[in-house]
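Structure data follow from work_4.json (JSON, C-alpha atoms):
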```json
[["chain", "number", "residue", "atom", "x", "y", "z"],
["L", 198, "MET", "CA", 0.00, 0.00, 0.00],
["L", 199, "GLN", "CA", 1.28, 3.46, -0.89],
["L", 200, "LEU", "CA", 1.66, 6.04, 1.87],
["L", 201, "ASP", "CA", -0.62, 8.56, 0.15],
["L", 202, "THR", "CA", -3.34, 5.88, -0.07],
["L", 203, "LEU", "CA", -2.93, 5.04, 3.61],
["L", 204, "LEU", "CA", -3.24, 8.72, 4.58],
["L", 205, "ALA", "CA", -6.36, 9.09, 2.43],
["L", 206, "ASP", "CA", -7.85, 6.01, 4.11],
["L", 207, "TRP", "CA", -7.14, 7.46, 7.57],
["L", 208, "ARG", "CA", -8.81, 10.73, 6.61],
["L", 209, "SER", "CA", -11.79, 8.83, 5.26],
["L", 210, "ASP", "CA", -11.96, 6.85, 8.50],
["L", 211, "ALA", "CA", -11.90, 10.14, 10.43],
["L", 212, "THR", "CA", -14.83, 11.41, 8.38],
["L", 213, "ALA", "CA", -16.78, 8.22, 9.12],
["L", 214, "LEU", "CA", -15.97, 8.50, 12.83],
["L", 215, "ARG", "CA", -17.14, 12.11, 12.84],
["L", 216, "ARG", "CA", -20.44, 11.13, 11.19],
["L", 217, "GLN", "CA", -20.95, 8.56, 13.92],
["L", 218, "GLY", "CA", -20.44, 11.20, 16.62],
["L", 219, "HIS", "CA", -16.85, 10.33, 17.54],
["L", 220, "GLU", "CA", -15.40, 13.83, 17.13],
["L", 221, "ARG", "CA", -12.48, 13.30, 19.51],
["L", 222, "ASP", "CA", -11.33, 10.10, 17.80],
["L", 223, "ALA", "CA", -11.78, 11.68, 14.36],
["L", 224, "SER", "CA", -9.71, 14.73, 15.33],
["L", 225, "HIS", "CA", -6.98, 12.54, 16.80],
["L", 226, "LEU", "CA", -6.79, 10.43, 13.63],
["L", 227, "GLU", "CA", -6.68, 13.53, 11.41],
["L", 228, "GLN", "CA", -3.91, 15.07, 13.52],
["L", 229, "ARG", "CA", -1.82, 11.92, 13.22],
["L", 230, "ALA", "CA", -2.39, 11.77, 9.47],
["L", 231, "ASP", "CA", -1.35, 15.43, 9.17],
["L", 232, "GLN", "CA", 1.81, 14.79, 11.21],
["L", 233, "VAL", "CA", 2.80, 11.82, 9.05],
["L", 234, "ALA", "CA", 2.07, 13.77, 5.85],
["L", 235, "GLU", "CA", 4.20, 16.68, 7.05],
["L", 236, "ALA", "CA", 7.09, 14.42, 8.03],
["L", 237, "ALA", "CA", 6.88, 12.56, 4.71],
["L", 238, "GLU", "CA", 6.44, 15.62, 2.48],
["L", 239, "PRO", "CA", 9.65, 15.05, 0.48],
["L", 240, "TYR", "CA", 8.38, 11.55, -0.33],
["L", 241, "LEU", "CA", 4.78, 12.54, -1.04],
["L", 242, "ARG", "CA", 5.51, 15.68, -3.05],
["L", 243, "TRP", "CA", 5.89, 15.33, -6.81],
["L", 244, "LEU", "CA", 7.58, 18.02, -8.90],
["L", 245, "SER", "CA", 7.17, 18.65, -12.58],
["L", 246, "GLU", "CA", 10.32, 18.41, -14.65],
["L", 247, "ALA", "CA", 10.56, 22.21, -14.81],
["L", 248, "ASP", "CA", 10.17, 22.51, -11.03],
["L", 249, "ALA", "CA", 12.64, 19.65, -10.47],
["L", 250, "HIS", "CA", 15.15, 21.54, -12.62],
["L", 251, "LEU", "CA", 14.67, 24.71, -10.55],
["L", 252, "TYR", "CA", 14.69, 22.86, -7.23],
["L", 253, "SER", "CA", 17.82, 20.86, -7.95],
["L", 254, "GLY", "CA", 19.71, 23.22, -10.22],
["L", 255, "ARG", "CA", 20.40, 20.22, -12.45],
["L", 256, "SER", "CA", 19.79, 20.27, -16.17],
["L", 257, "VAL", "CA", 16.77, 18.66, -17.77],
["L", 258, "LYS", "CA", 19.20, 16.35, -19.59],
["L", 259, "TRP", "CA", 20.65, 15.25, -16.23],
["L", 260, "LEU", "CA", 17.17, 14.63, -14.80],
["L", 261, "ARG", "CA", 16.11, 12.64, -17.85],
["L", 262, "SER", "CA", 19.24, 10.50, -17.68],
["L", 263, "ARG", "CA", 18.18, 9.36, -14.20],
["L", 264, "PHE", "CA", 14.48, 9.10, -14.99],
["L", 265, "PRO", "CA", 14.43, 5.36, -15.95],
["L", 266, "GLU", "CA", 16.15, 4.29, -12.73],
["L", 267, "TRP", "CA", 13.98, 6.53, -10.56],
["L", 268, "GLU", "CA", 10.86, 5.39, -12.39],
["L", 269, "ALA", "CA", 11.75, 1.76, -11.71],
["L", 270, "GLN", "CA", 12.10, 2.64, -8.01],
["L", 271, "GLY", "CA", 8.74, 4.43, -7.94],
["L", 272, "ASN", "CA", 10.35, 7.86, -7.57],
["L", 273, "ALA", "CA", 9.56, 9.21, -11.03],
["L", 274, "SER", "CA", 6.51, 8.88, -13.22],
["L", 275, "ARG", "CA", 4.72, 10.21, -16.24],
["L", 276, "ASP", "CA", 1.45, 12.09, -15.93],
["L", 277, "ARG", "CA", -0.18, 12.72, -19.31],
["L", 278, "GLY", "CA", 3.24, 12.39, -20.93],
["L", 279, "GLN", "CA", 4.91, 14.85, -18.55],
["L", 280, "ARG", "CA", 7.77, 13.63, -16.36],
["L", 281, "ARG", "CA", 7.38, 14.04, -12.60],
["L", 282, "TYR", "CA", 9.90, 13.42, -9.82],
["L", 283, "ARG", "CA", 9.55, 12.78, -6.10],
["L", 284, "MET", "CA", 11.17, 15.64, -4.24],
["L", 285, "MET", "CA", 13.16, 13.23, -2.05],
["L", 286, "VAL", "CA", 15.31, 11.88, -4.91],
["L", 287, "LEU", "CA", 16.39, 15.27, -6.15],
["L", 288, "PRO", "CA", 19.58, 16.90, -4.98],
["L", 289, "VAL", "CA", 18.93, 20.22, -3.30],
["L", 290, "ARG", "CA", 20.50, 23.31, -4.74],
["L", 291, "ALA", "CA", 22.83, 24.60, -2.01],
["L", 292, "ASN", "CA", 21.52, 28.16, -1.94],
["L", 293, "LEU", "CA", 17.92, 26.92, -1.84],
["L", 294, "ALA", "CA", 18.65, 24.83, 1.23],
["L", 295, "ALA", "CA", 20.23, 27.85, 2.92],
["L", 296, "ALA", "CA", 17.25, 29.99, 2.03],
["L", 297, "VAL", "CA", 14.86, 27.42, 3.51],
["L", 298, "GLU", "CA", 16.85, 27.26, 6.74],
["L", 299, "ASP", "CA", 16.95, 31.05, 6.92],
["L", 300, "ALA", "CA", 13.18, 31.20, 6.42],
["L", 301, "LYS", "CA", 12.66, 28.65, 9.20],
["L", 302, "ARG", "CA", 14.83, 30.66, 11.60],
["L", 303, "THR", "CA", 12.96, 33.84, 10.71],
["L", 304, "ALA", "CA", 9.59, 32.14, 11.21],
["L", 305, "GLN", "CA", 10.67, 30.73, 14.57],
["L", 306, "GLY", "CA", 11.87, 34.17, 15.65],
["L", 307, "GLU", "CA", 8.57, 35.76, 14.67],
["L", 308, "ALA", "CA", 6.62, 33.06, 16.51],
["L", 309, "ALA", "CA", 8.50, 33.70, 19.76]]
```
Please rewrite the model in this file as structure tokens.
Amino acid sequence: MQLDTLLADWRSDATALRRQGHERDASHLEQRADQVAEAAEPYLRWLSEADAHLYSGRSVKWLRSRFPEWEAQGNASRDRGQRRYRMMVLPVRANLAAAVEDAKRTAQGEAA
């Protein structure tokens, strides 16, 4: 079973629980599903080829050269003929990673 299918099933179960009057259980199940989805975002998130190029800083030619291997592993796919890549298999452009960390620090400082 794929993780995204499991999360969808949990959310569906939460909806059914809520309909049956089990609000507390439904909320708890939804919170857990949200936590798992957040922790697994790099696995669950698919990027178009153009976005994968921007995210990684690698050329489209480089991405396409790895596509068959990643597709065989379940980390790349085609959607209506367009190549898509799981975020987790892509190298992160160094300055993008620094920008993300800087944004996190700024957000934490504003929350305090």
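Each of L:Leu244, L:Leu203, L:Ala249, L:Ala308 was checked against Pro288 (chain L) using all atoms listed in the file; the smallest atom-to-atom distance is that of L:Ala249.
Here CA of Ser209 (chain L) stands at a distance of 22.8 Å from CA of Pro239 (chain L).
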In Å, how far is it from CA of Val289 (chain L) to CA of Ser245 (chain L)?
15.1 Å
Looking at all atoms listed in the file, which of L:Leu204, L:Arg290, L:Gln305, L:Asp299 is the one that sits closest to Arg255 (chain L)?
L:Arg290
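Between CA of Asp201 (chain L) and CA of Gly254 (chain L) there is a distance of 27.1 Å.
Within 10 Å of the point (16.4, 8.7, -8.1), counting only C-alpha atoms, the protein and nucleic acid residues come to Leu260, Arg263, Phe264, Pro265, Glu266, Trp267, Glu268, Ala269, Gln270, Gly271, Asn272, Ala273, Tyr282, Arg283, Met284, Met285, Val286, Leu287 and Pro288 of chain L.
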When you look at region 230-233 of chain L with a cut-off of 12 Å (counting only C-alpha atoms), what residues show up, excluding the ones that are within fewer than 2 positions of it in the same chain? I need them as a ChimeraX atom specification.
/L:200-211,223-228,235-241
Go ahead and save the picked residues with C-alpha atoms, as an mmCIF file, keeping the file's coordinate frame.
```cif
data_model
loop_
_atom_site.group_PDB
_atom_site.id
_atom_site.type_symbol
_atom_site.label_atom_id
_atom_site.label_comp_id
_atom_site.auth_asym_id
_atom_site.auth_seq_id
_atom_site.Cartn_x
_atom_site.Cartn_y
_atom_site.Cartn_z
ATOM 1 C CA LEU L 200 1.660 6.040 1.870
ATOM 2 C CA ASP L 201 -0.620 8.560 0.150
ATOM 3 C CA THR L 202 -3.340 5.880 -0.070
ATOM 4 C CA LEU L 203 -2.930 5.040 3.610
ATOM 5 C CA LEU L 204 -3.240 8.720 4.580
ATOM 6 C CA ALA L 205 -6.360 9.090 2.430
ATOM 7 C CA ASP L 206 -7.850 6.010 4.110
ATOM 8 C CA TRP L 207 -7.140 7.460 7.570
ATOM 9 C CA ARG L 208 -8.810 10.730 6.610
ATOM 10 C CA SER L 209 -11.790 8.830 5.260
ATOM 11 C CA ASP L 210 -11.960 6.850 8.500
ATOM 12 C CA ALA L 211 -11.900 10.140 10.430
ATOM 13 C CA ALA L 223 -11.780 11.680 14.360
ATOM 14 C CA SER L 224 -9.710 14.730 15.330
ATOM 15 C CA HIS L 225 -6.980 12.540 16.800
ATOM 16 C CA LEU L 226 -6.790 10.430 13.630
ATOM 17 C CA GLU L 227 -6.680 13.530 11.410
ATOM 18 C CA GLN L 228 -3.910 15.070 13.520
ATOM 19 C CA GLU L 235 4.200 16.680 7.050
ATOM 20 C CA ALA L 236 7.090 14.420 8.030
ATOM 21 C CA ALA L 237 6.880 12.560 4.710
ATOM 22 C CA GLU L 238 6.440 15.620 2.480
ATOM 23 C CA PRO L 239 9.650 15.050 0.480
ATOM 24 C CA TYR L 240 8.380 11.550 -0.330
ATOM 25 C CA LEU L 241 4.780 12.540 -1.040
#
```
Output requested as a PDB file, in the frame of the given file - region 211-228 of chain L, filled out with N, CA and C atoms.
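Output file rebuild_23.pdb is given in full below:
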```pdb
ATOM      1  N   ALA L 211     -11.588   9.022   9.526  1.00  0.00           N
ATOM      2  CA  ALA L 211     -11.900  10.140  10.430  1.00  0.00           C
ATOM      3  C   ALA L 211     -13.254  10.748  10.085  1.00  0.00           C
ATOM      4  N   THR L 212     -13.538  10.881   8.804  1.00  0.00           N
ATOM      5  CA  THR L 212     -14.830  11.410   8.380  1.00  0.00           C
ATOM      6  C   THR L 212     -15.963  10.491   8.835  1.00  0.00           C
ATOM      7  N   ALA L 213     -15.763   9.192   8.691  1.00  0.00           N
ATOM      8  CA  ALA L 213     -16.780   8.220   9.120  1.00  0.00           C
ATOM      9  C   ALA L 213     -16.975   8.277  10.637  1.00  0.00           C
ATOM     10  N   LEU L 214     -15.871   8.390  11.372  1.00  0.00           N
ATOM     11  CA  LEU L 214     -15.970   8.500  12.830  1.00  0.00           C
ATOM     12  C   LEU L 214     -16.751   9.754  13.233  1.00  0.00           C
ATOM     13  N   ARG L 215     -16.461  10.844  12.544  1.00  0.00           N
ATOM     14  CA  ARG L 215     -17.140  12.110  12.840  1.00  0.00           C
ATOM     15  C   ARG L 215     -18.654  11.981  12.593  1.00  0.00           C
ATOM     16  N   ARG L 216     -19.019  11.334  11.500  1.00  0.00           N
ATOM     17  CA  ARG L 216     -20.440  11.130  11.190  1.00  0.00           C
ATOM     18  C   ARG L 216     -21.149  10.304  12.256  1.00  0.00           C
ATOM     19  N   GLN L 217     -20.393   9.423  12.884  1.00  0.00           N
ATOM     20  CA  GLN L 217     -20.950   8.560  13.920  1.00  0.00           C
ATOM     21  C   GLN L 217     -20.901   9.206  15.305  1.00  0.00           C
ATOM     22  N   GLY L 218     -20.465  10.476  15.353  1.00  0.00           N
ATOM     23  CA  GLY L 218     -20.440  11.200  16.620  1.00  0.00           C
ATOM     24  C   GLY L 218     -19.176  11.045  17.431  1.00  0.00           C
ATOM     25  N   HIS L 219     -18.121  10.532  16.837  1.00  0.00           N
ATOM     26  CA  HIS L 219     -16.850  10.330  17.540  1.00  0.00           C
ATOM     27  C   HIS L 219     -15.861  11.442  17.177  1.00  0.00           C
ATOM     28  N   GLU L 220     -16.204  12.660  17.507  1.00  0.00           N
ATOM     29  CA  GLU L 220     -15.400  13.830  17.130  1.00  0.00           C
ATOM     30  C   GLU L 220     -13.967  13.743  17.658  1.00  0.00           C
ATOM     31  N   ARG L 221     -13.828  13.349  18.914  1.00  0.00           N
ATOM     32  CA  ARG L 221     -12.480  13.300  19.510  1.00  0.00           C
ATOM     33  C   ARG L 221     -11.588  12.303  18.779  1.00  0.00           C
ATOM     34  N   ASP L 222     -12.108  11.115  18.522  1.00  0.00           N
ATOM     35  CA  ASP L 222     -11.330  10.100  17.800  1.00  0.00           C
ATOM     36  C   ASP L 222     -11.011  10.562  16.381  1.00  0.00           C
ATOM     37  N   ALA L 223     -11.985  11.191  15.724  1.00  0.00           N
ATOM     38  CA  ALA L 223     -11.780  11.680  14.360  1.00  0.00           C
ATOM     39  C   ALA L 223     -10.679  12.744  14.336  1.00  0.00           C
ATOM     40  N   SER L 224     -10.724  13.671  15.265  1.00  0.00           N
ATOM     41  CA  SER L 224      -9.710  14.730  15.330  1.00  0.00           C
ATOM     42  C   SER L 224      -8.329  14.143  15.592  1.00  0.00           C
ATOM     43  N   HIS L 225      -8.267  13.185  16.484  1.00  0.00           N
ATOM     44  CA  HIS L 225      -6.980  12.540  16.800  1.00  0.00           C
ATOM     45  C   HIS L 225      -6.405  11.855  15.555  1.00  0.00           C
ATOM     46  N   LEU L 226      -7.241  11.125  14.834  1.00  0.00           N
ATOM     47  CA  LEU L 226      -6.790  10.430  13.630  1.00  0.00           C
ATOM     48  C   LEU L 226      -6.337  11.422  12.559  1.00  0.00           C
ATOM     49  N   GLU L 227      -7.066  12.510  12.388  1.00  0.00           N
ATOM     50  CA  GLU L 227      -6.680  13.530  11.410  1.00  0.00           C
ATOM     51  C   GLU L 227      -5.353  14.192  11.796  1.00  0.00           C
ATOM     52  N   GLN L 228      -5.161  14.455  13.073  1.00  0.00           N
ATOM     53  CA  GLN L 228      -3.910  15.070  13.520  1.00  0.00           C
ATOM     54  C   GLN L 228      -2.727  14.155  13.231  1.00  0.00           C
TER      55      GLN L 228
END
```
